[in-house]
$ cat final_6.txt   # compact mmCIF, C-alpha atoms
# COMPACT_ATOMS: atom_id res chain seq x y z
CA MET A 1 14.99 6.44 7.78
CA THR A 2 13.55 7.83 11.02
CA GLU A 3 9.79 7.44 11.16
CA MET A 4 7.86 10.68 11.48
CA PHE A 5 5.48 10.83 14.44
CA MET A 6 1.97 11.94 13.56
CA SER A 7 -0.78 11.84 16.15
CA PRO A 8 -4.37 11.37 14.97
CA PRO A 9 -6.57 14.43 15.46
CA VAL A 10 -8.19 14.51 18.89
CA GLN A 11 -11.45 16.00 17.64
CA SER A 12 -13.96 14.14 15.49
CA SER A 13 -12.66 13.29 12.05
CA MET A 14 -16.03 14.07 10.48
CA PRO A 15 -15.53 17.33 8.53
CA SER A 16 -17.84 20.25 9.22
CA GLN A 17 -20.32 21.59 6.69
CA ASP A 18 -18.04 24.59 6.12
CA GLU A 19 -15.04 22.32 5.50
CA LEU A 20 -17.02 20.21 3.05
CA ALA A 21 -18.34 23.27 1.24
CA ALA A 22 -14.78 24.61 0.91
CA LEU A 23 -13.64 21.26 -0.49
CA CYS A 24 -16.58 21.27 -2.90
CA PHE A 25 -15.58 24.68 -4.29
CA GLN A 26 -11.94 23.58 -4.55
CA LYS A 27 -12.98 20.40 -6.34
CA TYR A 28 -15.85 21.50 -8.57
CA GLY A 29 -15.26 25.22 -9.04
CA GLU A 30 -16.33 28.56 -7.60
CA PRO A 31 -20.04 28.99 -6.67
CA ASP A 32 -20.95 30.87 -9.86
CA ALA A 33 -19.23 28.28 -12.07
CA LEU A 34 -20.61 25.08 -10.56
CA ASP A 35 -22.21 22.50 -12.81
CA TRP A 36 -25.81 21.49 -12.04
CA GLY A 37 -24.78 18.41 -10.01
CA PRO A 38 -22.59 20.06 -7.34
CA ARG A 39 -24.87 23.11 -7.27
CA GLN A 40 -27.94 20.96 -6.68
CA ARG A 41 -26.23 18.94 -3.96
CA LEU A 42 -25.03 22.11 -2.20
CA ARG A 43 -28.57 23.45 -2.21
CA TYR A 44 -29.58 20.46 -0.10
CA SER A 45 -26.36 20.49 1.99
CA TYR A 46 -25.55 17.01 0.73
CA PHE A 47 -21.99 15.86 0.10
CA GLN A 48 -20.97 12.68 -1.67
CA PRO A 49 -19.08 9.90 0.15
CA MET A 50 -15.96 10.59 -1.89
CA ASP A 51 -16.04 14.27 -0.89
CA ILE A 52 -16.24 13.30 2.78
CA TYR A 53 -13.51 10.68 2.38
CA GLU A 54 -11.16 13.22 0.78
CA ALA A 55 -11.80 15.71 3.59
CA VAL A 56 -11.21 13.05 6.26
CA VAL A 57 -7.93 11.89 4.69
CA GLY A 58 -6.83 15.52 4.47
CA LYS A 59 -7.13 15.80 8.26
CA PHE A 60 -4.56 13.01 8.71
CA VAL A 61 -1.96 14.12 6.17
CA ALA A 62 0.45 16.17 8.27
CA PRO A 63 3.58 17.79 6.80
CA GLY A 64 6.34 15.22 6.55
CA CYS A 65 4.15 12.17 7.13
CA SER A 66 4.55 8.86 5.29
CA TRP A 67 1.46 7.64 3.43
CA LEU A 68 0.65 4.23 1.98
CA ASP A 69 -2.20 4.16 -0.55
CA ALA A 70 -3.28 0.52 -0.90
CA GLY A 71 -5.05 -0.39 -4.11
CA GLY A 72 -5.38 3.23 -5.16
CA GLY A 73 -4.49 2.71 -8.80
CA GLN A 74 -3.79 5.88 -10.72
CA SER A 75 -4.53 8.35 -7.92
CA PRO A 76 -5.40 8.53 -4.22
CA PHE A 77 -8.28 10.84 -5.27
CA PRO A 78 -9.31 10.12 -8.88
CA GLU A 79 -11.98 12.85 -8.78
CA ASN A 80 -9.77 15.49 -7.17
CA PRO A 81 -6.27 15.66 -8.69
CA ASP A 82 -5.54 19.11 -7.25
CA LEU A 83 -6.05 17.89 -3.69
CA ALA A 84 -4.11 14.69 -4.44
CA ARG A 85 -1.15 16.77 -5.61
CA ARG A 86 -1.29 19.16 -2.65
CA LEU A 87 -1.39 16.35 -0.07
CA ALA A 88 1.26 14.32 -1.89
CA ASP A 89 3.58 17.33 -1.80
CA GLN A 90 3.15 17.54 1.99
CA CYS A 91 4.32 13.95 2.50
CA SER A 92 7.89 12.82 2.96
CA ARG A 93 6.85 9.59 1.24
CA LEU A 94 3.73 8.51 -0.65
CA VAL A 95 3.72 4.91 -1.85
CA ALA A 96 1.01 3.46 -4.10
CA VAL A 97 0.68 -0.34 -3.96
CA ASP A 98 -1.69 -2.06 -6.37
CA PRO A 99 -1.62 -5.36 -8.29
CA SER A 100 -3.17 -3.61 -11.31
CA GLU A 101 -0.94 -2.03 -13.94
CA ASN A 102 -2.99 1.15 -13.41
CA VAL A 103 -0.59 2.01 -10.59
CA GLN A 104 2.19 2.61 -13.13
CA ARG A 105 0.23 5.66 -14.33
CA ASN A 106 0.01 7.16 -10.84
CA ARG A 107 1.66 10.59 -11.16
CA PHE A 108 1.16 11.55 -7.50
CA ALA A 109 2.97 8.72 -5.72
CA HIS A 110 6.67 9.02 -4.94
CA GLU A 111 6.98 5.24 -5.27
CA ARG A 112 4.80 2.84 -7.29
CA GLU A 113 4.68 -0.89 -6.52
CA GLN A 114 2.67 -3.23 -8.76
CA CYS A 115 1.99 -6.12 -6.40
CA ALA A 116 -0.50 -7.36 -3.85
CA LEU A 117 -0.31 -5.58 -0.51
CA GLU A 118 0.60 -8.87 1.18
CA GLU A 119 3.74 -9.08 -1.01
CA TYR A 120 4.91 -5.52 -0.43
CA GLU A 121 7.96 -4.91 1.78
CA SER A 122 8.84 -1.43 3.03
CA ARG A 123 12.06 -0.05 4.45
CA SER A 124 10.04 1.77 7.13
CA ARG A 125 6.51 1.85 8.44
CA PHE A 126 3.82 4.37 7.57
CA ASP A 127 1.93 7.03 9.52
CA LEU A 128 -1.14 6.67 7.34
CA ALA A 129 -2.64 3.96 5.14
CA THR A 130 -5.66 4.58 2.92
CA VAL A 131 -7.80 1.82 1.44
CA ARG A 132 -10.34 3.41 -0.90
CA MET A 133 -12.96 1.14 -2.52
CA VAL A 134 -10.65 -1.86 -2.24
CA VAL A 135 -11.75 -4.24 0.52
CA GLU A 136 -14.86 -5.31 -1.41
CA HIS A 137 -12.42 -6.95 -3.84
CA VAL A 138 -10.28 -8.70 -1.20
CA GLY A 139 -10.71 -12.47 -1.28
CA ALA A 140 -8.55 -13.21 1.78
CA PRO A 141 -9.24 -10.52 4.42
CA GLU A 142 -7.01 -11.79 7.22
CA PRO A 143 -3.65 -11.64 5.37
CA PHE A 144 -4.63 -8.33 3.79
CA VAL A 145 -5.29 -6.66 7.16
CA GLN A 146 -2.25 -8.34 8.69
CA ALA A 147 -0.18 -6.72 5.94
CA LEU A 148 -1.61 -3.33 6.90
CA ALA A 149 -0.70 -4.02 10.53
CA ARG A 150 2.86 -4.88 9.47
CA LEU A 151 3.18 -1.69 7.42
CA VAL A 152 1.51 0.87 9.73
CA ARG A 153 3.49 2.05 12.75
CA PRO A 154 2.05 1.94 16.31
CA GLY A 155 -0.16 5.01 16.63
CA GLY A 156 -0.57 5.19 12.86
CA VAL A 157 -3.94 5.22 11.16
CA ALA A 158 -5.68 3.15 8.48
CA ILE A 159 -8.70 4.71 6.73
CA VAL A 160 -11.06 2.40 4.85
CA LEU A 161 -13.84 3.43 2.46
CA THR A 162 -16.02 0.69 0.99
CA VAL A 163 -19.56 -0.24 0.03
CA ASN A 164 -22.11 -1.54 2.51
CA LEU A 165 -22.96 -5.21 2.02
CA HIS A 166 -26.62 -4.48 2.79
CA SER A 167 -27.10 -1.49 0.48
CA PRO A 168 -29.43 -1.98 -2.52
CA VAL A 169 -26.77 -1.43 -5.20
CA THR A 170 -24.47 -3.96 -3.54
CA LEU A 171 -27.27 -6.50 -3.24
CA ILE A 172 -28.12 -6.08 -6.93
CA SER A 173 -24.46 -6.29 -7.99
CA ARG A 174 -24.12 -9.60 -6.16
CA LEU A 175 -26.94 -10.99 -8.31
CA LEU A 176 -25.60 -9.64 -11.61
CA PRO A 177 -22.99 -11.60 -13.57
CA TYR A 178 -19.60 -9.88 -13.46
CA SER A 179 -19.73 -9.44 -17.25
CA LEU A 180 -22.57 -6.93 -16.77
CA HIS A 181 -20.86 -4.85 -14.07
CA ARG A 182 -18.83 -2.77 -16.52
CA HIS A 183 -21.89 -1.91 -18.62
CA ALA A 184 -23.89 -0.88 -15.55
CA THR A 185 -20.98 1.23 -14.25
CA ARG A 186 -20.58 3.05 -17.55
CA PHE A 187 -24.33 3.74 -17.83
CA LEU A 188 -25.00 4.95 -14.29
CA TRP A 189 -21.73 6.67 -13.39
CA GLU A 190 -19.93 7.19 -16.71
CA CYS A 191 -16.86 5.39 -15.31
CA ASP A 192 -14.10 3.75 -17.28
CA GLY A 193 -14.55 0.00 -17.39
CA GLU A 194 -10.85 -0.64 -16.74
CA ASP A 195 -11.40 0.32 -13.09
CA VAL A 196 -14.07 -2.36 -12.53
CA PHE A 197 -12.75 -5.50 -10.83
CA PRO A 198 -14.34 -8.70 -9.45
CA THR A 199 -15.90 -8.35 -6.01
CA THR A 200 -16.09 -10.71 -3.03
CA TYR A 201 -17.75 -8.56 -0.31
CA ARG A 202 -16.03 -10.36 2.58
CA MET A 203 -15.31 -7.20 4.59
CA ASN A 204 -18.38 -5.07 4.01
CA THR A 205 -20.11 -4.63 7.33
CA ARG A 206 -18.93 -2.64 10.33
CA GLY A 207 -18.76 -5.74 12.52
CA VAL A 208 -16.64 -7.74 10.08
CA LEU A 209 -14.27 -4.83 9.46
CA ARG A 210 -13.86 -4.22 13.17
CA ARG A 211 -13.22 -7.92 13.86
CA PHE A 212 -10.47 -8.26 11.24
CA PHE A 213 -8.80 -5.00 12.24
CA GLU A 214 -8.92 -5.74 15.96
CA GLN A 215 -7.46 -9.20 15.37
CA ALA A 216 -4.57 -7.53 13.53
CA GLY A 217 -3.85 -5.06 16.34
CA PHE A 218 -5.94 -2.01 15.38
CA GLU A 219 -8.62 -0.21 17.36
CA GLU A 220 -11.68 1.31 15.72
CA ARG A 221 -11.31 5.04 16.32
CA GLU A 222 -14.35 6.22 14.40
CA PHE A 223 -16.95 4.83 12.01
CA MET A 224 -19.34 6.56 9.63
CA TRP A 225 -22.17 5.51 7.33
CA LEU A 226 -22.01 7.90 4.37
CA ASP A 227 -25.32 8.33 2.55
CA ASP A 228 -24.73 7.63 -1.13
CA LEU A 229 -27.10 9.20 -3.64
CA CYS A 230 -25.28 7.59 -6.52
CA VAL A 231 -27.88 5.74 -8.56
CA PHE A 232 -29.21 8.74 -10.49
CA ASN A 233 -26.18 10.98 -10.10
CA SER A 234 -26.06 11.67 -13.85
CA PHE A 235 -29.80 12.37 -14.26
CA ARG A 236 -30.83 15.82 -13.05
CA ARG A 237 -34.51 15.28 -12.23
CA MET A 238 -34.05 11.85 -10.72
CA ASN A 239 -31.12 13.13 -8.66
CA GLN A 240 -33.30 15.91 -7.32
CA LEU A 241 -35.91 13.31 -6.34
CA GLU A 242 -33.19 11.33 -4.53
CA LEU A 243 -32.19 14.47 -2.66
CA LEU A 244 -35.77 15.12 -1.60
CA VAL A 245 -36.15 11.56 -0.30
CA TRP A 246 -32.76 11.83 1.45
CA ARG A 247 -33.77 15.08 3.16
CA GLY A 248 -37.08 13.59 4.27
CA LEU A 249 -35.37 10.56 5.79
CA ARG A 250 -32.84 12.78 7.54
CA ARG A 251 -35.62 14.79 9.14
CA MET A 252 -37.10 11.56 10.47
CA GLY A 253 -33.71 10.51 11.82
CA LEU A 254 -33.38 7.64 9.33
CA ARG A 255 -30.31 6.57 7.39
CA TYR A 256 -30.51 6.55 3.59
CA PRO A 257 -30.67 2.89 2.45
CA GLU A 258 -27.79 3.29 -0.02
CA ASN A 259 -24.63 4.14 1.89
CA ARG A 260 -20.90 3.51 2.10
CA LEU A 261 -18.80 2.61 5.10
CA LEU A 262 -15.89 4.71 6.33
CA GLY A 263 -13.79 3.28 9.15
CA ILE A 264 -10.79 4.82 10.89
CA TYR A 265 -8.52 2.37 12.70
CA VAL A 266 -5.53 3.19 14.93
CA ARG A 267 -2.62 0.75 15.17
CA SER A 268 -2.08 -0.15 18.80
$ encode --input "final_6.txt" --output "structure tokens"
Amino acid sequence: MTEMFMSPPVQSSMPSQDELAALCFQKYGEPDALDWGPRQRLRYSYFQPMDIYEAVVGKFVAPGCSWLDAGGGQSPFPENPDLARRLADQCSRLVAVDPSENVQRNRFAHEREQCALEEYESRSRFDLATVRMVVEHVGAPEPFVQALARLVRPGGVAIVLTVNLHSPVTLISRLLPYSLHRHATRFLWECDGEDVFPTTYRMNTRGVLRRFFEQAGFEEREFMWLDDLCVFNSFRRMNQLELLVWRGLRRMGLRYPENRLLGIYVRS
């Protein structure tokens, strides 16, 4: 199969406020029908890391491109199935690779491979690889990134979203026994426990990510710290307090202490 050429956007990959607002309405509903959470966040012009990640990935999915979703489980965008379907339909090929059996329930991928990324072999290379909330679970970073380098064509792009090693929630999770992680996840974020996996945090700073990707033949194109007001996301008053603190820190030019990392790497 001939590989489709897809150049990364020349402009910044960070979506505008208007683009994020449009995604928010597509994802959560029209302005008059929004639940309290999205409506409250919009009032403060705050967008969640996953919203920004979805908008960034959307900028790189060109018609006819080939897309590898590494470790994506049941969906490239679990919180936004409509966007996942629309982008999947634009691709000539969308392959989901994940060692978990969750990947067998992925209804968006054209091909589903239940295996480690290092074991996956493809008949052709990919224009785009996405690695959403995966690298914090990777125990052997070098072979994982080398596999991405093998699978992404020269000029292709890898997009990584992960937690920050130095964020408070990450620091606390490192102290908690793994047996308690599922209970904490269900309580704070109302997530299904089957999507909680052991963590290693061996690739969770900008410097470490850049080092592994550069060693594998990528260049860091862009990097973002995405403020993450996640702790009290399900509690209306506490979430509003988080938003007030976030806005105050922004006005002082300070980064919110809880944040996620989003890196965009171009295969040289």
$ closest_atom_pairs --input "final_6.txt" --of "segment 21-46 of chain A" --to "segment 54-77 of chain A" --cutoff "12 Å" --atoms "only C-alpha atoms" --output "JSON lines"
{"residue": "A:Ala21", "atom": "CA", "partner": "A:Ala55", "partner_atom": "CA", "distance": 10.3}
{"residue": "A:Ala22", "atom": "CA", "partner": "A:Ala55", "partner_atom": "CA", "distance": 9.8}
{"residue": "A:Leu23", "atom": "CA", "partner": "A:Ala55", "partner_atom": "CA", "distance": 7.1}
{"residue": "A:Cys24", "atom": "CA", "partner": "A:Ala55", "partner_atom": "CA", "distance": 9.8}
{"residue": "A:Gln26", "atom": "CA", "partner": "A:Ala55", "partner_atom": "CA", "distance": 11.3}
{"residue": "A:Lys27", "atom": "CA", "partner": "A:Glu54", "partner_atom": "CA", "distance": 10.3}
$ closest_residue --input "final_6.txt" --among "A:Gly263, A:Arg85, A:Ser124, A:Glu79" --to "His110 of chain A" --atoms "all atoms listed in the file"
A:Arg85
$ atom_distance --input "final_6.txt" --atom1 "atom CA of Ser122 of chain A" --atom2 "atom CA of Thr199 of chain A"
27.2 Å
$ atom_distance --input "final_6.txt" --atom1 "atom CA of Asn259 of chain A" --atom2 "atom CA of Thr170 of chain A"
9.8 Å
$ closest_residue --input "final_6.txt" --among "A:Ile159, A:Val138, A:Val152, A:Ala147" --to "Arg125 of chain A" --atoms "only C-alpha atoms"
A:Val152
$ closest_atom_pairs --input "final_6.txt" --of "segment 41-130 of chain A" --to "segment 251-258 of chain A" --cutoff "12 Å" --atoms "only C-alpha atoms" --output "tab-separated table"
residue	atom	partner	partner_atom	distance
A:Tyr46	CA	A:Tyr256	CA	11.9
A:Gln48	CA	A:Glu258	CA	11.7
A:Pro49	CA	A:Glu258	CA	10.9
$ residues_around --input "final_6.txt" --residues "Pro38 of chain A" --least-positions-apart "6" --cutoff "9 Å" --atoms "all atoms listed in the file" --output "ChimeraX atom specification"
/A:24-25,28,47
$ closest_residue --input "final_6.txt" --among "A:Leu226, A:Ala33, A:Ala88, A:Leu148" --to "Asn106 of chain A" --atoms "all atoms listed in the file"
A:Ala88
$ atom_distance --input "final_6.txt" --atom1 "atom CA of Glu136 of chain A" --atom2 "atom CA of Asn102 of chain A"
18.1 Å
$ closest_residue --input "final_6.txt" --among "A:Phe232, A:Asn164, A:Leu42, A:Asp227" --to "Arg206 of chain A" --atoms "all atoms listed in the file"
A:Asn164
$ residues_around --input "final_6.txt" --residues "segment 216-222 of chain A" --least-positions-apart "4" --cutoff "10 Å" --atoms "all atoms listed in the file" --output "PyMOL selection string"
chain A and resi 8+12-14+142-150+152+154-159+206+209-212+262-268
